[in-house]
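As provided, query_33.cif (mmCIF, C-alpha atoms) reads as follows.
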data_upload
#
loop_
_atom_site.label_atom_id
_atom_site.label_comp_id
_atom_site.auth_asym_id
_atom_site.auth_seq_id
_atom_site.Cartn_x
_atom_site.Cartn_y
_atom_site.Cartn_z
CA MET S 220 -33.51 15.74 2.96
CA ALA S 221 -32.13 18.59 0.89
CA VAL S 222 -28.71 18.07 2.46
CA LEU S 223 -28.80 14.35 1.66
CA SER S 224 -29.91 15.06 -1.89
CA LYS S 225 -27.10 17.61 -2.28
CA MET S 226 -24.57 15.14 -0.92
CA LEU S 227 -25.69 12.36 -3.25
CA SER S 228 -25.41 14.68 -6.25
CA ASN S 229 -21.72 15.22 -5.43
CA HIS S 230 -19.53 13.41 -7.95
CA TYR S 231 -17.14 12.16 -5.26
CA VAL S 232 -19.95 10.73 -3.18
CA LYS S 233 -21.19 8.82 -6.23
CA VAL S 234 -17.71 7.36 -6.76
CA TYR S 235 -17.55 6.48 -3.07
CA LEU S 236 -20.88 4.64 -3.23
CA ALA S 237 -19.58 2.71 -6.25
CA LEU S 238 -16.46 1.82 -4.24
CA ILE S 239 -18.57 0.60 -1.31
CA GLY S 240 -20.68 -1.50 -3.70
CA LEU S 241 -17.52 -3.08 -5.14
CA PHE S 242 -16.16 -3.60 -1.62
CA VAL S 243 -19.30 -5.58 -0.70
CA VAL S 244 -18.85 -7.70 -3.84
CA SER S 245 -15.18 -8.33 -2.99
CA VAL S 246 -16.13 -9.62 0.47
CA ALA S 247 -19.24 -11.58 -0.55
CA GLY S 248 -17.81 -13.21 -3.71
CA PRO S 249 -15.13 -15.37 -2.02
CA THR S 250 -17.71 -16.79 0.44
CA LEU S 251 -19.02 -18.91 -2.46
CA GLU S 252 -15.63 -20.70 -2.37
CA ILE S 253 -15.41 -21.04 -6.15
CA THR S 254 -11.86 -20.33 -7.31
CA TRP S 255 -12.66 -18.25 -10.39
CA VAL S 256 -15.32 -16.26 -8.53
CA THR S 257 -12.84 -15.56 -5.71
CA LEU S 258 -10.15 -14.44 -8.14
CA THR S 259 -12.58 -12.21 -10.04
CA THR S 260 -14.36 -10.66 -7.08
CA ALA S 261 -11.37 -10.28 -4.75
CA PHE S 262 -8.55 -9.36 -7.11
CA GLY S 263 -10.42 -8.19 -10.23
CA VAL S 264 -12.59 -5.88 -8.16
CA ALA S 265 -9.49 -4.62 -6.30
CA VAL S 266 -8.04 -3.46 -9.63
CA ILE S 267 -11.30 -1.65 -10.51
CA LYS S 268 -11.45 -0.04 -7.06
CA ALA S 269 -7.85 1.14 -7.36
CA TRP S 270 -8.56 2.53 -10.83
CA LEU S 271 -11.60 4.45 -9.53
CA VAL S 272 -9.53 5.98 -6.71
CA ILE S 273 -6.63 6.87 -9.04
CA LYS S 274 -8.90 8.40 -11.69
CA HIS S 275 -11.49 10.22 -9.59
CA PHE S 276 -9.85 10.92 -6.23
CA MET S 277 -6.21 11.39 -7.27
CA HIS S 278 -7.18 13.02 -10.59
CA LEU S 279 -4.33 11.30 -12.40
CA ALA S 280 -6.27 11.42 -15.69
CA ILE S 281 -6.02 15.22 -15.79
CA GLU S 282 -2.56 15.40 -14.24
CA ARG S 283 0.52 16.52 -16.17
CA PRO S 284 2.20 13.72 -18.19
CA ILE S 285 5.31 13.67 -15.98
CA ALA S 286 3.31 12.30 -13.03
CA LYS S 287 2.10 9.45 -15.23
CA TRP S 288 5.65 8.81 -16.44
CA PHE S 289 6.92 8.65 -12.85
CA LEU S 290 4.36 6.03 -11.93
CA ALA S 291 4.78 4.11 -15.19
CA ALA S 292 8.56 3.89 -14.58
CA SER S 293 7.95 2.46 -11.10
CA VAL S 294 5.42 -0.09 -12.34
CA LEU S 295 7.90 -1.12 -15.04
CA LEU S 296 10.57 -1.69 -12.37
CA MET S 297 8.12 -3.86 -10.47
CA VAL S 298 7.32 -5.91 -13.58
CA LEU S 299 11.07 -6.34 -14.18
CA LEU S 300 11.48 -7.58 -10.61
CA TRP S 301 8.66 -10.06 -11.10
CA GLY S 302 10.00 -11.27 -14.45
CA GLY S 303 13.49 -11.73 -13.10
CA VAL S 304 12.67 -13.39 -9.80
CA ALA S 305 9.42 -15.31 -10.39
CA PRO S 306 10.94 -18.18 -12.40
CA ASP S 307 13.13 -19.11 -9.40
CA VAL S 308 10.73 -18.33 -6.56
CA GLN S 309 7.30 -19.19 -7.90
CA LYS S 310 8.39 -22.50 -9.39
CA HIS S 311 10.26 -25.21 -7.56
CA GLU S 312 11.62 -27.11 -10.53
CA GLY S 313 12.60 -26.50 -14.13
CA ALA S 314 14.22 -28.24 -17.07
CA ASN S 315 17.59 -28.72 -15.39
CA TRP S 316 17.01 -27.80 -11.78
CA GLU S 317 15.03 -28.70 -8.71
CA ASN S 318 14.62 -26.71 -5.50
CA VAL S 319 14.63 -29.49 -2.94
CA ALA S 320 14.46 -27.16 0.08
CA ALA S 321 11.36 -25.35 -1.19
CA LYS S 322 9.62 -28.63 -2.05
CA ALA S 323 10.43 -29.96 1.40
CA ALA S 324 9.05 -26.78 2.98
CA VAL S 325 5.76 -27.24 1.10
CA GLU S 326 5.50 -30.88 2.10
CA ARG S 327 6.35 -30.09 5.71
CA GLY S 328 3.78 -27.29 5.79
CA ILE S 329 1.02 -29.49 4.37
CA SER S 330 1.76 -32.60 6.43
CA GLU S 331 2.43 -30.78 9.70
CA PRO S 332 -0.05 -27.94 10.00
CA GLU S 333 0.67 -25.68 12.94
CA ALA S 334 -1.25 -26.68 16.03
CA HIS S 335 -2.04 -23.46 17.82
CA ASP S 336 -2.94 -24.07 21.37
CA ASP S 337 -3.52 -20.74 23.12
CA GLU S 338 -1.72 -21.45 26.39
CA ALA S 339 1.21 -23.13 24.72
CA HIS S 340 1.81 -20.18 22.43
CA VAL S 341 1.24 -17.27 24.76
CA GLU S 342 4.69 -17.73 26.25
CA GLN S 343 6.21 -18.04 22.80
CA ALA S 344 4.40 -14.88 21.71
CA VAL S 345 5.66 -12.91 24.68
CA THR S 346 9.22 -14.04 24.26
CA ALA S 347 9.24 -13.64 20.49
CA GLY S 348 12.12 -11.29 19.91
CA LEU S 349 15.19 -11.24 17.76
CA VAL S 350 16.17 -14.83 18.47
CA PRO S 351 14.68 -17.24 15.92
CA THR S 352 12.88 -20.37 17.08
CA ALA S 353 13.94 -23.87 16.12
CA LYS S 354 10.96 -24.07 13.82
CA SER S 355 11.72 -20.84 12.05
CA ASN S 356 15.31 -21.98 11.65
CA SER S 357 14.18 -25.13 9.94
CA ASN S 358 11.87 -23.26 7.62
CA LEU S 359 14.50 -22.43 5.05
CA LEU S 360 13.47 -21.17 1.66
CA PRO S 361 15.26 -20.97 -1.71
CA GLY S 362 18.72 -19.50 -1.45
CA GLY S 363 19.20 -20.62 2.12
CA TYR S 364 17.71 -17.44 3.60
CA ASN S 365 15.71 -17.71 6.75
CA PHE S 366 12.65 -15.71 5.74
CA THR S 367 11.10 -15.93 9.18
CA HIS S 368 14.02 -14.32 10.93
CA VAL S 369 13.15 -10.78 11.93
CA ALA S 370 16.71 -9.68 11.18
CA PHE S 371 16.22 -10.80 7.58
CA TRP S 372 13.18 -8.56 7.21
CA SER S 373 14.99 -5.68 8.85
CA VAL S 374 17.72 -5.94 6.23
CA VAL S 375 15.18 -6.34 3.42
CA GLY S 376 13.32 -3.31 4.73
CA LEU S 377 16.45 -1.19 4.85
CA VAL S 378 17.52 -2.30 1.40
CA ALA S 379 14.05 -1.88 -0.13
CA VAL S 380 13.15 1.43 1.45
CA GLY S 381 16.60 2.95 1.44
CA THR S 382 18.10 1.83 -1.82
CA ASN S 383 15.01 1.89 -3.99
CA ALA S 384 13.65 5.17 -2.74
CA VAL S 385 16.96 7.00 -2.88
CA ALA S 386 17.94 5.50 -6.23
CA ILE S 387 14.63 6.34 -7.87
CA MET S 388 14.53 9.83 -6.43
CA LEU S 389 18.09 10.57 -7.54
CA LEU S 390 17.42 9.15 -11.00
CA LEU S 391 14.23 11.09 -11.48
CA GLY S 392 15.85 14.21 -10.03
CA ALA S 393 18.77 13.96 -12.41
CA GLY S 394 16.38 13.40 -15.32
CA LEU S 395 14.35 16.42 -14.31
CA LEU S 396 17.43 18.63 -14.07
CA VAL S 397 18.55 17.55 -17.55
CA PHE S 398 15.03 18.11 -18.85
CA GLU S 399 14.83 21.63 -17.43
CA THR S 400 18.36 22.53 -18.54
CA VAL S 401 17.62 21.48 -22.11
CA LYS S 402 14.39 23.47 -22.08
CA LYS S 403 16.09 26.59 -20.75
CA TYR S 404 18.88 26.23 -23.31
CA ARG S 405 16.33 26.03 -26.12
CA GLU S 406 14.46 29.06 -24.80
CA LYS S 407 17.73 30.99 -24.62
CA ARG S 408 18.53 30.10 -28.20
CA GLU S 409 15.09 31.20 -29.36
CA VAL S 410 15.45 34.58 -27.64
CA SER S 411 18.96 35.35 -28.93
CA PRO S 412 19.14 34.99 -32.75
CA MET A 18 5.21 38.27 -1.25
CA LYS A 19 5.70 34.61 -0.40
CA PRO A 20 4.73 32.37 -3.32
CA ILE A 21 2.07 29.72 -2.56
CA ALA A 22 3.46 27.13 -4.97
CA THR A 23 6.27 27.50 -7.44
CA THR A 24 5.61 25.77 -10.72
CA ARG A 25 8.49 23.91 -12.33
CA ALA A 26 9.51 25.46 -15.65
CA ALA A 27 9.86 22.32 -17.70
CA THR A 28 7.13 20.12 -16.32
CA GLY A 29 4.44 22.74 -15.74
CA ILE A 30 3.58 21.10 -12.46
CA ALA A 31 3.69 22.70 -9.00
CA THR A 32 6.86 21.75 -7.10
CA GLY A 33 4.96 20.39 -4.11
CA LYS A 34 2.75 18.20 -6.25
CA LEU A 35 5.75 17.01 -8.25
CA ALA A 36 7.41 16.00 -5.00
CA VAL A 37 4.34 14.04 -3.90
CA TRP A 38 4.19 12.12 -7.19
CA TRP A 39 7.92 11.59 -6.84
CA VAL A 40 7.49 10.04 -3.41
CA LEU A 41 4.60 7.90 -4.63
CA ALA A 42 6.74 6.60 -7.51
CA SER A 43 9.23 5.28 -4.97
CA GLU A 44 6.41 3.94 -2.82
CA VAL A 45 5.07 1.97 -5.78
CA VAL A 46 8.40 0.15 -5.94
CA ILE A 47 8.53 -0.43 -2.19
CA PHE A 48 4.99 -1.78 -1.78
CA GLY A 49 4.87 -3.24 -5.29
CA GLY A 50 8.09 -5.15 -4.68
CA LEU A 51 6.89 -6.45 -1.34
CA LEU A 52 3.52 -7.55 -2.71
CA ALA A 53 5.06 -9.05 -5.86
CA VAL A 54 7.41 -11.17 -3.76
CA TYR A 55 4.51 -12.18 -1.51
CA ILE A 56 2.40 -13.29 -4.49
CA MET A 57 5.31 -15.27 -5.96
CA HIS A 58 5.80 -17.14 -2.68
CA ARG A 59 2.07 -17.56 -2.13
CA LEU A 60 1.71 -19.23 -5.53
CA GLY A 61 4.69 -21.47 -4.83
CA HIS A 62 3.58 -22.42 -1.31
CA PRO A 63 -0.01 -23.71 -1.17
CA GLU A 64 0.45 -24.49 2.54
CA TRP A 65 0.31 -20.75 3.28
CA GLY A 66 -3.44 -21.02 2.77
CA ASP A 67 -3.65 -22.87 6.11
CA ALA A 68 -1.96 -19.95 7.87
CA ALA A 69 -4.09 -17.35 6.08
CA ILE A 70 -7.25 -18.95 7.52
CA HIS A 71 -6.43 -17.32 10.86
CA THR A 72 -6.52 -13.73 9.65
CA ASN A 73 -9.68 -11.90 10.71
CA VAL A 74 -11.71 -11.09 7.56
CA ARG A 75 -14.31 -9.04 9.47
CA LEU A 76 -11.73 -6.70 10.99
CA GLY A 77 -9.90 -6.49 7.66
CA ALA A 78 -13.19 -5.59 5.95
CA LEU A 79 -13.96 -3.00 8.63
CA ASN A 80 -10.60 -1.36 8.06
CA THR A 81 -11.17 -1.39 4.29
CA PHE A 82 -14.49 0.41 4.84
CA VAL A 83 -12.79 2.92 7.15
CA LEU A 84 -10.01 3.69 4.65
CA LEU A 85 -12.42 4.00 1.69
CA SER A 86 -14.55 6.41 3.74
CA SER A 87 -11.49 8.41 4.79
CA SER A 88 -10.52 8.71 1.12
CA LEU A 89 -13.91 10.31 0.48
CA THR A 90 -13.41 12.86 3.27
CA ALA A 91 -9.88 13.58 1.98
CA VAL A 92 -11.18 14.35 -1.50
CA LEU A 93 -14.07 16.42 -0.06
CA ALA A 94 -11.43 18.40 1.86
CA HIS A 95 -9.66 19.01 -1.44
CA GLN A 96 -12.94 20.12 -3.03
CA ALA A 97 -13.51 22.59 -0.18
CA ALA A 98 -9.93 23.88 -0.48
CA GLU A 99 -10.48 24.49 -4.19
CA ARG A 100 -13.43 26.72 -3.24
CA GLY A 101 -11.16 28.56 -0.81
CA ASP A 102 -13.16 27.26 2.16
CA GLY A 103 -10.31 26.42 4.52
CA LYS A 104 -12.49 25.76 7.55
CA THR A 105 -14.57 23.09 5.79
CA ALA A 106 -11.39 21.58 4.34
CA ALA A 107 -9.89 21.39 7.82
CA ARG A 108 -13.06 19.77 9.17
CA PHE A 109 -12.92 17.07 6.51
CA LEU A 110 -9.21 16.54 7.19
CA TYR A 111 -9.92 16.07 10.89
CA ILE A 112 -12.56 13.44 10.00
CA THR A 113 -9.94 11.75 7.81
CA ILE A 114 -7.52 11.73 10.75
CA GLY A 115 -10.32 10.13 12.78
CA GLY A 116 -10.44 7.41 10.12
CA ALA A 117 -6.69 6.90 10.47
CA VAL A 118 -6.98 6.62 14.24
CA THR A 119 -9.82 4.10 13.88
CA PHE A 120 -7.77 2.09 11.39
CA ILE A 121 -4.77 1.93 13.71
CA GLY A 122 -7.03 1.08 16.67
CA VAL A 123 -8.63 -1.84 14.82
CA LYS A 124 -5.23 -2.98 13.56
CA SER A 125 -3.76 -2.82 17.07
CA TYR A 126 -6.57 -5.00 18.46
CA GLU A 127 -6.18 -7.42 15.55
CA TRP A 128 -2.43 -7.75 16.13
CA TRP A 129 -2.84 -8.08 19.88
CA TYR A 130 -5.35 -10.90 19.34
CA GLU A 131 -3.15 -12.68 16.80
CA ILE A 132 0.06 -12.33 18.80
CA SER A 133 -1.65 -13.52 21.99
CA HIS A 134 -2.75 -16.61 20.08
CA GLY A 135 0.79 -17.39 18.99
CA TYR A 136 0.78 -15.94 15.47
CA THR A 137 3.88 -13.78 15.55
CA ILE A 138 6.29 -12.54 12.90
CA MET A 139 8.42 -15.59 13.76
CA THR A 140 5.67 -18.21 13.39
CA ASN A 141 6.17 -18.90 9.69
CA THR A 142 6.81 -17.16 6.41
CA PHE A 143 3.17 -16.21 5.81
CA TRP A 144 2.96 -14.37 9.15
CA SER A 145 6.34 -12.82 8.50
CA PHE A 146 4.97 -11.30 5.28
CA TYR A 147 1.68 -10.42 6.97
CA TYR A 148 3.32 -8.36 9.72
CA SER A 149 5.88 -6.79 7.37
CA ALA A 150 3.33 -5.67 4.76
CA ALA A 151 0.59 -4.61 7.19
CA GLY A 152 3.14 -2.98 9.51
CA LEU A 153 4.76 -0.97 6.72
CA HIS A 154 1.30 0.12 5.61
CA ALA A 155 0.32 1.08 9.17
CA LEU A 156 3.45 3.25 9.43
CA HIS A 157 2.30 5.08 6.30
CA VAL A 158 -1.15 5.59 7.84
CA ILE A 159 0.41 7.08 10.99
CA ALA A 160 2.76 9.33 8.98
CA GLY A 161 -0.14 10.51 6.80
CA ALA A 162 -2.30 11.31 9.84
CA VAL A 163 0.49 13.33 11.48
CA ILE A 164 1.19 15.36 8.33
CA MET A 165 -2.56 15.83 7.81
CA ALA A 166 -2.86 17.35 11.27
CA PHE A 167 -0.32 20.05 10.34
CA VAL A 168 -2.04 20.70 6.99
CA ALA A 169 -5.45 20.91 8.70
CA ARG A 170 -4.13 23.39 11.25
CA ASP A 171 -3.01 25.73 8.44
CA ALA A 172 -6.10 25.08 6.31
CA LYS A 173 -8.31 26.18 9.21
CA ARG A 174 -6.67 29.61 8.94
CA ASN A 175 -6.91 29.57 5.11
CA ILE A 176 -3.13 29.19 4.81
CA GLU A 177 -1.37 26.99 2.21
CA LEU A 178 -4.63 25.45 0.99
CA HIS A 179 -2.86 23.76 -1.95
CA ARG A 180 -1.33 21.35 0.57
CA VAL A 181 -4.78 19.84 1.17
CA GLU A 182 -4.62 18.31 -2.30
CA LEU A 183 -1.06 17.10 -1.77
CA ILE A 184 -1.79 15.19 1.44
CA GLY A 185 -4.97 13.92 -0.23
CA ILE A 186 -3.00 12.36 -3.08
CA TYR A 187 -0.75 10.62 -0.58
CA TRP A 188 -3.75 9.43 1.44
CA HIS A 189 -5.46 7.93 -1.61
CA PHE A 190 -2.26 6.01 -2.35
CA VAL A 191 -2.32 4.57 1.18
CA ASP A 192 -5.92 3.56 0.50
CA ILE A 193 -4.95 1.87 -2.79
CA VAL A 194 -2.22 -0.16 -1.08
CA TRP A 195 -4.79 -1.45 1.41
CA ILE A 196 -7.23 -2.24 -1.43
CA PHE A 197 -4.64 -4.79 -2.61
CA LEU A 198 -3.45 -5.92 0.82
CA PHE A 199 -6.97 -6.82 1.94
CA PRO A 200 -7.66 -9.58 -0.63
CA LEU A 201 -4.05 -10.81 -0.51
CA LEU A 202 -3.81 -11.21 3.26
CA TYR A 203 -7.44 -11.75 4.30
CA ILE A 204 -9.53 -13.08 1.40
CA ALA A 205 -7.16 -15.52 -0.33
CA LYS A 206 -7.27 -18.58 1.95
#
Rewrite the coordinates I just gave you, this time as structure tokens.
Amino acid sequence: MAVLSKMLSNHYVKVYLALIGLFVVSVAGPTLEITWVTLTTAFGVAVIKAWLVIKHFMHLAIERPIAKWFLAASVLLMVLLWGGVAPDVQKHEGANWENVAAKAAVERGISEPEAHDDEAHVEQAVTAGLVPTAKSNSNLLPGGYNFTHVAFWSVVGLVAVGTNAVAIMLLLGAGLLVFETVKKYREKREVSP
Amino acid sequence: MKPIATTRAATGIATGKLAVWWVLASEVVIFGGLLAVYIMHRLGHPEWGDAAIHTNVRLGALNTFVLLSSSLTAVLAHQAAERGDGKTAARFLYITIGGAVTFIGVKSYEWWYEISHGYTIMTNTFWSFYYSAAGLHALHVIAGAVIMAFVARDAKRNIELHRVELIGIYWHFVDIVWIFLFPLLYIAK
């Protein structure tokens, strides 16, 4: 009893219990099948859960400002990506354009839902390799890329992981070097009149 | 004498911790970009809802519970390391590794079940995203568990205890990614 009481008095355990409570809400809310309740409980609660973990478990609130700047820069890059790409991807028509292929893909998907018969698909599952199926070939998305081709995702993975990670690390590293050099230069000037 | 952690002159932050935040900054772009693109397509393709019906919410929820619990043990390990209690820190890290193993076990069963029912990375764009995002996340779980095993081995002997916090920060990030993946891939039908 004393052990349990001691555990429950631990700040981290309290945060954990709050997270579990929110987790239950995020699972139970969408079962009501009301759109705004689903959005609030699933995605709104996810943001609160992430904030609790960042603040209390990762201690970002009491971390040095540079850690916050690092993360803020990355989030900004993500927002830029969204802002630049969303108008073409999220929407299928605009004032002077129409994405016929994307519209057709939506119509095809709604009118011909995939019939998944176990036996019929076991063979397909086993043989699923690098060669795209006829269906995946026909499922073309904006830009003419075949998003279901595993080779496409391999390239995207290499580009995303390789380029972004290396570019950001080099950029931040260069910034840090400049930052430290300037600081050392200032300190040197203060020491020598 | 070998220094435990060298603090950077300009930033006032330990080099190891700076490196972890540095890595996480790049991870935010990797996972953030992937999830942002998924959301854009999901909003533009209502038919993906039909595919999302087949993801297993119960197993997804179980894995969410496992990761949240492993985050608690990771932070308790950090708390023990702060007290200089390496053995307790190592014990909590081993429990966290157990969480990682459970997560991967559940995920493996889930994928086996889905693939054997014909839902592969080639089935359609939703499943392509599903396997890419969950697979990339699973790789991070495996990497974290392996690194944690090395940190725990040292922590048990009261060596390099500051690393307990570093692997903890990484582990919490892995948890946060799953916090967003769960509603996106399992809840939103």
Could you list, as a short mmCIF file (atom, residue, chain, number, x, y, z; two decimals) with C-alpha atoms, in the coordinates of the input, the residues of chain A having an atom within 7 Å of chain S when counting only C-alpha atoms?
data_model
loop_
_atom_site.label_atom_id
_atom_site.label_comp_id
_atom_site.auth_asym_id
_atom_site.auth_seq_id
_atom_site.Cartn_x
_atom_site.Cartn_y
_atom_site.Cartn_z
CA ALA A 26 9.51 25.46 -15.65
CA ALA A 27 9.86 22.32 -17.70
CA THR A 28 7.13 20.12 -16.32
CA ILE A 30 3.58 21.10 -12.46
CA TRP A 38 4.19 12.12 -7.19
CA TRP A 39 7.92 11.59 -6.84
CA ALA A 42 6.74 6.60 -7.51
CA SER A 43 9.23 5.28 -4.97
CA VAL A 45 5.07 1.97 -5.78
CA VAL A 46 8.40 0.15 -5.94
CA ILE A 47 8.53 -0.43 -2.19
CA GLY A 49 4.87 -3.24 -5.29
CA GLY A 50 8.09 -5.15 -4.68
CA ALA A 53 5.06 -9.05 -5.86
CA MET A 57 5.31 -15.27 -5.96
CA HIS A 58 5.80 -17.14 -2.68
CA LEU A 60 1.71 -19.23 -5.53
CA GLY A 61 4.69 -21.47 -4.83
CA HIS A 62 3.58 -22.42 -1.31
CA GLU A 64 0.45 -24.49 2.54
CA LEU A 89 -13.91 10.31 0.48
CA VAL A 92 -11.18 14.35 -1.50
CA ILE A 132 0.06 -12.33 18.80
CA SER A 133 -1.65 -13.52 21.99
CA HIS A 134 -2.75 -16.61 20.08
CA GLY A 135 0.79 -17.39 18.99
CA THR A 137 3.88 -13.78 15.55
CA ILE A 138 6.29 -12.54 12.90
CA MET A 139 8.42 -15.59 13.76
CA THR A 140 5.67 -18.21 13.39
CA ASN A 141 6.17 -18.90 9.69
CA THR A 142 6.81 -17.16 6.41
CA SER A 145 6.34 -12.82 8.50
CA ILE A 186 -3.00 12.36 -3.08
CA HIS A 189 -5.46 7.93 -1.61
CA ILE A 193 -4.95 1.87 -2.79
CA ILE A 196 -7.23 -2.24 -1.43
CA PHE A 197 -4.64 -4.79 -2.61
CA PRO A 200 -7.66 -9.58 -0.63
CA ILE A 204 -9.53 -13.08 1.40
#
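Pairwise distance (CA of Ser86 in chain A, CA of Tyr203 in chain A) equals 19.5 Å.
Between CA of Ala91 in chain A and CA of Phe109 in chain A lies a distance of 6.5 Å.
Across the structure, CA of Trp65 in chain A and CA of Ala117 in chain A are spaced 29.4 Å apart.
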- Query: Which of these, A:Arg75, A:Lys34, A:His179, A:Arg59, has the shortest distance to Glu127 in chain A once you count all atoms listed in the file?
  - Reply: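 Of A:Arg75, A:Lys34, A:His179, A:Arg59, the one nearest Glu127 in chain A, counting all atoms listed in the file, is A:Arg75.
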- Task: Enumerate, as a ChimeraX atom specification, the residues matched when the PyMOL selection byres ((chain A and resi 96-99) around 8) is run on the file above.
- Result: /A:92-95,100-103,105-106,172,178-179,181-182
Report as an mmCIF file with C-alpha atoms, in the coordinates of the input the full result of the PyMOL selection byres ((chain A and resi 147) around 10) when it is applied to this structure.
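Written output follows (selection-v1.cif):
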data_model
loop_
_atom_site.group_PDB
_atom_site.id
_atom_site.type_symbol
_atom_site.label_atom_id
_atom_site.label_comp_id
_atom_site.auth_asym_id
_atom_site.auth_seq_id
_atom_site.Cartn_x
_atom_site.Cartn_y
_atom_site.Cartn_z
ATOM 1 C CA TYR A 55 4.510 -12.180 -1.510
ATOM 2 C CA ALA A 69 -4.090 -17.350 6.080
ATOM 3 C CA THR A 72 -6.520 -13.730 9.650
ATOM 4 C CA THR A 137 3.880 -13.780 15.550
ATOM 5 C CA ILE A 138 6.290 -12.540 12.900
ATOM 6 C CA ASN A 141 6.170 -18.900 9.690
ATOM 7 C CA THR A 142 6.810 -17.160 6.410
ATOM 8 C CA PHE A 143 3.170 -16.210 5.810
ATOM 9 C CA TRP A 144 2.960 -14.370 9.150
ATOM 10 C CA SER A 145 6.340 -12.820 8.500
ATOM 11 C CA PHE A 146 4.970 -11.300 5.280
ATOM 12 C CA TYR A 148 3.320 -8.360 9.720
ATOM 13 C CA SER A 149 5.880 -6.790 7.370
ATOM 14 C CA ALA A 150 3.330 -5.670 4.760
ATOM 15 C CA ALA A 151 0.590 -4.610 7.190
ATOM 16 C CA GLY A 152 3.140 -2.980 9.510
ATOM 17 C CA LEU A 153 4.760 -0.970 6.720
ATOM 18 C CA LEU A 198 -3.450 -5.920 0.820
ATOM 19 C CA LEU A 201 -4.050 -10.810 -0.510
ATOM 20 C CA LEU A 202 -3.810 -11.210 3.260
ATOM 21 C CA TYR A 203 -7.440 -11.750 4.300
#
- Query: For Leu84 in chain A, which of A:Tyr187, A:Trp128, A:Trp195, A:Tyr111 is the closest residue, counting only C-alpha atoms?
  - Reply: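 Among A:Tyr187, A:Trp128, A:Trp195, A:Tyr111, it is A:Trp195 that comes nearest to Leu84 in chain A.
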- Item | 9 Å contact set for Gly161 in chain A, all atoms listed in the file, chain neighbours under 5 positions out, as a list in words |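 My list of contacting residues is Ile114, Ala117, Leu156, Ala166, Ile184, Tyr187, Trp188 and Val191 of chain A.
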- Task: Check the smallest atom-to-atom distance from each of S:Gly240, S:Lys225, S:Leu389, S:His230 to Phe82 in chain A using only C-alpha atoms, then report the winner.
- Result: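 Closest to Phe82 in chain A of all the choices is S:Gly240.
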